[in-house]
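Single-structure report; data block below.
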Amino acid sequence: MDNSIKPRPYYAARKYGATAASLSFEDLRELLFSAYQHYDHSGYFVEAFGFECVDSGFDPGSVGSNVAAYAKLALERPNLWPLDTQHGHYDEDDTFTMIEFLYDHISKPRSKSMHGWNNCGYHYSDFDRDEGRAEFRERINVPLKRYGEGWELTESGELLSLPPRGMSTLVGAPLTGADASTAQKVADATVKFRRHGSSIADRKDAVRDLADVLEWLRPQIKTALLKEDENELFDLANNFGIRHMNQRQKLQYDQAVWLSWMFYHYLNTIHAFLHITRRQAAKES
């Protein structure tokens with residue numbers, strides 16, 4: 001990607017930081033439309049949505065001859081397609097939905113040939129879906145990072161909130177030493193917590209899921225932590241209404257703030273514990 005697509009931080013952003021660099025929803029919506037125009041003009045949606053030829057008429061892509069009907073069925077929301085005429089009416093949910101939809105259907109053409117008859121234009125072929133997705137993701141993540149509290153389009157094609165400052169490496173780190181079931185439960189909890197539109201109940205469930213992982217690991221934790229450290233791990237969830245309900249629990253707290261703190265605290269603890277157990281196993285061997 002060249003610098004004209006992914007700009008460096010200019011003077012105001014360097015001087016005033018995130019406040020100067022933040023984008024409104026209207027900004028994000030227009031930047032999505034701009035990205036769509038760029039890739040559509042360059043043939044990145046031909047494989048999925050087809051193209052018009054002055055000789056043969058409409059040549060369908062992989063989604064079939066009626067793209068509008070396909071989009072209505074796939075998106076489960078009316079009046080989102082075609083993006084050219086409808087994007088001005090999008091709300092945040094529509095915009096995020098369309099970002100994921102475009103990501104699923106983009107592919108980069110490796111070849112093009114000019115069809116000069118009646119100024120038909122280029123015909124595209126030999127498509128690379130992975131490369132097209134990577135380019136689209138890199139481009140759209142620039143404005144997403146600056147919108148609201150920050151978002152990202154993941155490689156799996158789902159929009160998730162950005163982790164707090166300093167936690168990005170933790171979220172992306174592999175859960176080395178965990179069995180497949182444990183690793184999947186942690187991954188599912190992370191997506192549940194960061195997903196666009198997640199409710200307080202969703203986030204509380206995600207924290208509970210990580211607490212359950214720690215409970216599963218508890219027999220091994222006993223050998224790696226002091227008794228009081230082990231107790232504090234579980235008291236945190238039990239005393240703040242996350243797990244076992246009782247009359248002594250503390251329920252009057254800013255849930256959005258504390259759930260975020262508890263989630264990343266537990267996630268960090270799981271990674272740290274697995275690191276400790278691997279190190280102990282290496283010493284014993």
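Scheme for the structure tokens: letters A, B, ... for chains in order shown; per-chain residue numbers from 1; ligand numbers from 1 in order shown.
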
* Write out as a list in words each polymer residue whose atoms come within 6 Å of range 42-48 of chain A, counting only C-alpha atoms; drop sequence neighbours fewer than 4 positions from it. => Gly61, Ser62, Val63, His105, Ile106, Ser107 and Lys108 of chain A

With all heavy atoms retained, write the just-selected residues as a PDB file, in the first residue's frame.
```
ATOM      1  N   GLY A  61     -21.101 -12.828 -11.912  1.00  0.00           N
ATOM      2  CA  GLY A  61     -20.020 -13.330 -11.083  1.00  0.00           C
ATOM      3  C   GLY A  61     -20.486 -14.516 -10.260  1.00  0.00           C
ATOM      4  O   GLY A  61     -21.534 -15.120 -10.524  1.00  0.00           O
ATOM      5  N   SER A  62     -19.737 -14.816  -9.203  1.00  0.00           N
ATOM      6  CA  SER A  62     -20.008 -16.022  -8.419  1.00  0.00           C
ATOM      7  C   SER A  62     -21.301 -15.953  -7.622  1.00  0.00           C
ATOM      8  O   SER A  62     -21.851 -16.991  -7.245  1.00  0.00           O
ATOM      9  CB  SER A  62     -18.839 -16.293  -7.469  1.00  0.00           C
ATOM     10  OG  SER A  62     -18.659 -15.207  -6.565  1.00  0.00           O
ATOM     11  N   VAL A  63     -21.819 -14.747  -7.349  1.00  0.00           N
ATOM     12  CA  VAL A  63     -23.047 -14.644  -6.553  1.00  0.00           C
ATOM     13  C   VAL A  63     -24.299 -14.784  -7.412  1.00  0.00           C
ATOM     14  O   VAL A  63     -25.413 -14.836  -6.882  1.00  0.00           O
ATOM     15  CB  VAL A  63     -23.102 -13.319  -5.761  1.00  0.00           C
ATOM     16  CG1 VAL A  63     -21.853 -13.138  -4.933  1.00  0.00           C
ATOM     17  CG2 VAL A  63     -23.335 -12.125  -6.680  1.00  0.00           C
ATOM     18  N   HIS A 105     -16.316 -10.585  -0.250  1.00  0.00           N
ATOM     19  CA  HIS A 105     -16.530 -10.732  -1.685  1.00  0.00           C
ATOM     20  C   HIS A 105     -15.469 -10.047  -2.556  1.00  0.00           C
ATOM     21  O   HIS A 105     -15.618 -10.016  -3.774  1.00  0.00           O
ATOM     22  CB  HIS A 105     -17.915 -10.195  -2.056  1.00  0.00           C
ATOM     23  CG  HIS A 105     -19.031 -10.998  -1.467  1.00  0.00           C
ATOM     24  ND1 HIS A 105     -19.533 -10.761  -0.203  1.00  0.00           N
ATOM     25  CD2 HIS A 105     -19.714 -12.071  -1.951  1.00  0.00           C
ATOM     26  CE1 HIS A 105     -20.492 -11.641   0.059  1.00  0.00           C
ATOM     27  NE2 HIS A 105     -20.619 -12.435  -0.976  1.00  0.00           N
ATOM     28  N   ILE A 106     -14.426  -9.563  -1.934  1.00  0.00           N
ATOM     29  CA  ILE A 106     -13.378  -8.891  -2.709  1.00  0.00           C
ATOM     30  C   ILE A 106     -12.302  -9.889  -3.136  1.00  0.00           C
ATOM     31  O   ILE A 106     -12.025 -10.858  -2.426  1.00  0.00           O
ATOM     32  CB  ILE A 106     -12.746  -7.741  -1.887  1.00  0.00           C
ATOM     33  CG1 ILE A 106     -11.958  -6.800  -2.791  1.00  0.00           C
ATOM     34  CG2 ILE A 106     -11.874  -8.283  -0.753  1.00  0.00           C
ATOM     35  CD1 ILE A 106     -11.542  -5.504  -2.104  1.00  0.00           C
ATOM     36  N   SER A 107     -11.735  -9.689  -4.295  1.00  0.00           N
ATOM     37  CA  SER A 107     -10.607 -10.504  -4.766  1.00  0.00           C
ATOM     38  C   SER A 107      -9.823  -9.679  -5.782  1.00  0.00           C
ATOM     39  O   SER A 107     -10.406  -9.016  -6.639  1.00  0.00           O
ATOM     40  CB  SER A 107     -11.079 -11.822  -5.382  1.00  0.00           C
ATOM     41  OG  SER A 107     -12.047 -11.615  -6.376  1.00  0.00           O
ATOM     42  N   LYS A 108      -8.518  -9.739  -5.689  1.00  0.00           N
ATOM     43  CA  LYS A 108      -7.661  -8.911  -6.526  1.00  0.00           C
ATOM     44  C   LYS A 108      -7.417  -9.569  -7.882  1.00  0.00           C
ATOM     45  O   LYS A 108      -6.976 -10.719  -7.943  1.00  0.00           O
ATOM     46  CB  LYS A 108      -6.316  -8.675  -5.835  1.00  0.00           C
ATOM     47  CG  LYS A 108      -5.366  -7.786  -6.634  1.00  0.00           C
ATOM     48  CD  LYS A 108      -4.077  -7.530  -5.867  1.00  0.00           C
ATOM     49  CE  LYS A 108      -3.151  -6.609  -6.651  1.00  0.00           C
ATOM     50  NZ  LYS A 108      -1.931  -6.269  -5.887  1.00  0.00           N
TER      51      LYS A 108
END
```

* **All helix (DSSP H, G or I) residues (DSSP, backbone) inside range 1-241 of chain A, as a PyMOL selection string** => chain A and resi 11-16+18-21+25-41+46-49+67-75+83-89+92-105+117-119+129-145+168-172+180-194+200-224+227-239

* In terms of the shortest atom-to-atom distance over only C-alpha atoms, which of A:Ala69, A:Ala12, A:Val207, A:Leu144 is closest to Phe193 in chain A? ->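 Closest to Phe193 in chain A, using only C-alpha atoms: A:Val207.
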
* Asked: Nearest to Val186 in chain A: which of A:Trp151, A:Ser113, A:Ile140, A:His271 is it, counting only C-alpha atoms?
  ->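 Among A:Trp151, A:Ser113, A:Ile140, A:His271, it is A:His271 that comes nearest to Val186 in chain A.
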
* To do: Tell me which of A:Gln86, A:Asp209, A:Asp188, A:Ser34 sits closest to Arg139 in chain A, counting only C-alpha atoms.
  =>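 That would be A:Ser34, the residue with the smallest distance to Arg139 in chain A.
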
* For Pro82 in chain A, please output as JSON, numbers by chain all residues within 10 Å (counting only C-alpha atoms; exclusion window: fewer than 6 positions along the same chain). => {"A": [67, 68, 71]}

* Interatomic distance between CA of Ile276 in chain A and CA of Trp258 in chain A? ->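 Between CA of Ile276 in chain A and CA of Trp258 in chain A the gap is 26.2 Å.
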
* Asked: Looking at A:Asp59, A:Glu131, A:Asp202, A:Asp40, which one is nearest to Asp84 in chain A, with distances taken over only C-alpha atoms?
  ->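 Ranked by minimum distance to Asp84 in chain A, first place goes to A:Asp40.
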
* To do: Rounded to one decimal place, report the CA of Gln184 in chain A-CA of His275 in chain A distance in Å.
  => 17.8 Å

* Rank A:Phe25, A:Phe51, A:Tyr147, A:Tyr36 by their smallest atom-to-atom distance to Met98 in chain A, using only C-alpha atoms, and report the top residue only. =>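 So, comparing all the options, the nearest one is A:Tyr36.
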
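Residues with any atom within 6 Å of Tyr124 in chain A, counting only C-alpha atoms and excluding same-chain neighbours fewer than 3 positions away, are Pro109, Ser111 and Lys112 of chain A.
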
Can you write out the residues you just picked, keeping N, CA, C and O atoms, as a compact mmCIF listing (two decimals), in the first residue's frame?
```txt
# COMPACT_ATOMS: atom_id res chain seq x y z
N PRO A 109 -7.69 -8.85 -8.99
CA PRO A 109 -7.39 -9.41 -10.32
C PRO A 109 -5.89 -9.33 -10.61
O PRO A 109 -5.27 -8.30 -10.40
N SER A 111 -4.74 -10.21 -13.70
CA SER A 111 -4.61 -9.94 -15.14
C SER A 111 -5.74 -9.05 -15.60
O SER A 111 -6.86 -9.10 -15.06
N LYS A 112 -5.45 -8.22 -16.60
CA LYS A 112 -6.49 -7.40 -17.21
C LYS A 112 -6.15 -7.20 -18.68
O LYS A 112 -4.98 -7.17 -19.06
```

* Expected answer as a PyMOL selection string: strand (DSSP E or B) residues in range 30-77 of chain A -> chain A and resi 51-53+57-59+61+64

Selection export as a JSON list (two decimals), in the first residue's frame, atoms kept: N, CA and C atoms:
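See result_34.json below for the written result:
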```json
[["chain", "number", "residue", "atom", "x", "y", "z"],
["A", 51, "PHE", "N", -19.63, -8.23, -14.33],
["A", 51, "PHE", "CA", -19.31, -6.96, -15.00],
["A", 51, "PHE", "C", -20.14, -6.81, -16.28],
["A", 52, "GLU", "N", -20.21, -5.59, -16.76],
["A", 52, "GLU", "CA", -20.93, -5.27, -17.99],
["A", 52, "GLU", "C", -19.96, -5.19, -19.16],
["A", 53, "CYS", "N", -20.35, -5.79, -20.28],
["A", 53, "CYS", "CA", -19.55, -5.72, -21.51],
["A", 53, "CYS", "C", -20.45, -5.21, -22.64],
["A", 57, "GLY", "N", -23.12, -7.96, -22.87],
["A", 57, "GLY", "CA", -24.04, -7.55, -21.82],
["A", 57, "GLY", "C", -23.46, -7.87, -20.45],
["A", 58, "PHE", "N", -24.34, -8.22, -19.51],
["A", 58, "PHE", "CA", -23.89, -8.49, -18.14],
["A", 58, "PHE", "C", -23.35, -9.91, -18.03],
["A", 59, "ASP", "N", -22.12, -10.02, -17.54],
["A", 59, "ASP", "CA", -21.48, -11.31, -17.31],
["A", 59, "ASP", "C", -21.50, -11.57, -15.81],
["A", 61, "GLY", "N", -21.10, -12.83, -11.91],
["A", 61, "GLY", "CA", -20.02, -13.33, -11.08],
["A", 61, "GLY", "C", -20.49, -14.52, -10.26],
["A", 64, "GLY", "N", -24.16, -14.81, -8.74],
["A", 64, "GLY", "CA", -25.31, -14.98, -9.61],
["A", 64, "GLY", "C", -25.68, -13.72, -10.36]]
```

* For CA of Lys204 in chain A and CA of Asn141 in chain A, quote the distance in Å rounded to one decimal. => 27.1 Å

Extract, using only C-alpha atoms, all DNA, RNA and protein residues at most 10 Å from Lys185 in chain A, discarding same-chain residues fewer than 5 positions from it, and format them as a PDB file with N, CA, C and O atoms, in the first residue's frame.
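Saved result, around-v8.pdb, follows:
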```
ATOM      1  N   ALA A 180      -6.561 -27.755  23.022  1.00  0.00           N
ATOM      2  CA  ALA A 180      -7.383 -27.161  21.968  1.00  0.00           C
ATOM      3  C   ALA A 180      -8.698 -26.606  22.496  1.00  0.00           C
ATOM      4  O   ALA A 180      -9.150 -25.533  22.088  1.00  0.00           O
ATOM      5  N   THR A 190     -12.932 -13.930  23.759  1.00  0.00           N
ATOM      6  CA  THR A 190     -12.319 -12.687  23.279  1.00  0.00           C
ATOM      7  C   THR A 190     -13.169 -12.050  22.188  1.00  0.00           C
ATOM      8  O   THR A 190     -13.404 -10.830  22.199  1.00  0.00           O
ATOM      9  N   ALA A 206     -18.384 -13.153  28.779  1.00  0.00           N
ATOM     10  CA  ALA A 206     -17.002 -13.368  28.340  1.00  0.00           C
ATOM     11  C   ALA A 206     -16.051 -13.432  29.525  1.00  0.00           C
ATOM     12  O   ALA A 206     -15.143 -14.281  29.572  1.00  0.00           O
ATOM     13  N   ASP A 209     -16.541 -16.712  31.186  1.00  0.00           N
ATOM     14  CA  ASP A 209     -15.892 -17.793  30.437  1.00  0.00           C
ATOM     15  C   ASP A 209     -14.405 -17.882  30.772  1.00  0.00           C
ATOM     16  O   ASP A 209     -13.856 -18.984  30.920  1.00  0.00           O
ATOM     17  N   LEU A 210     -13.739 -16.733  30.904  1.00  0.00           N
ATOM     18  CA  LEU A 210     -12.326 -16.760  31.268  1.00  0.00           C
ATOM     19  C   LEU A 210     -12.143 -17.234  32.705  1.00  0.00           C
ATOM     20  O   LEU A 210     -11.167 -17.944  33.016  1.00  0.00           O
ATOM     21  N   ASP A 212     -14.035 -19.385  34.116  1.00  0.00           N
ATOM     22  CA  ASP A 212     -14.219 -20.842  34.026  1.00  0.00           C
ATOM     23  C   ASP A 212     -12.944 -21.528  33.534  1.00  0.00           C
ATOM     24  O   ASP A 212     -12.618 -22.638  33.975  1.00  0.00           O
ATOM     25  N   VAL A 213     -12.232 -20.869  32.599  1.00  0.00           N
ATOM     26  CA  VAL A 213     -10.959 -21.427  32.138  1.00  0.00           C
ATOM     27  C   VAL A 213      -9.973 -21.512  33.299  1.00  0.00           C
ATOM     28  O   VAL A 213      -9.279 -22.526  33.485  1.00  0.00           O
TER      29      VAL A 213
END
```
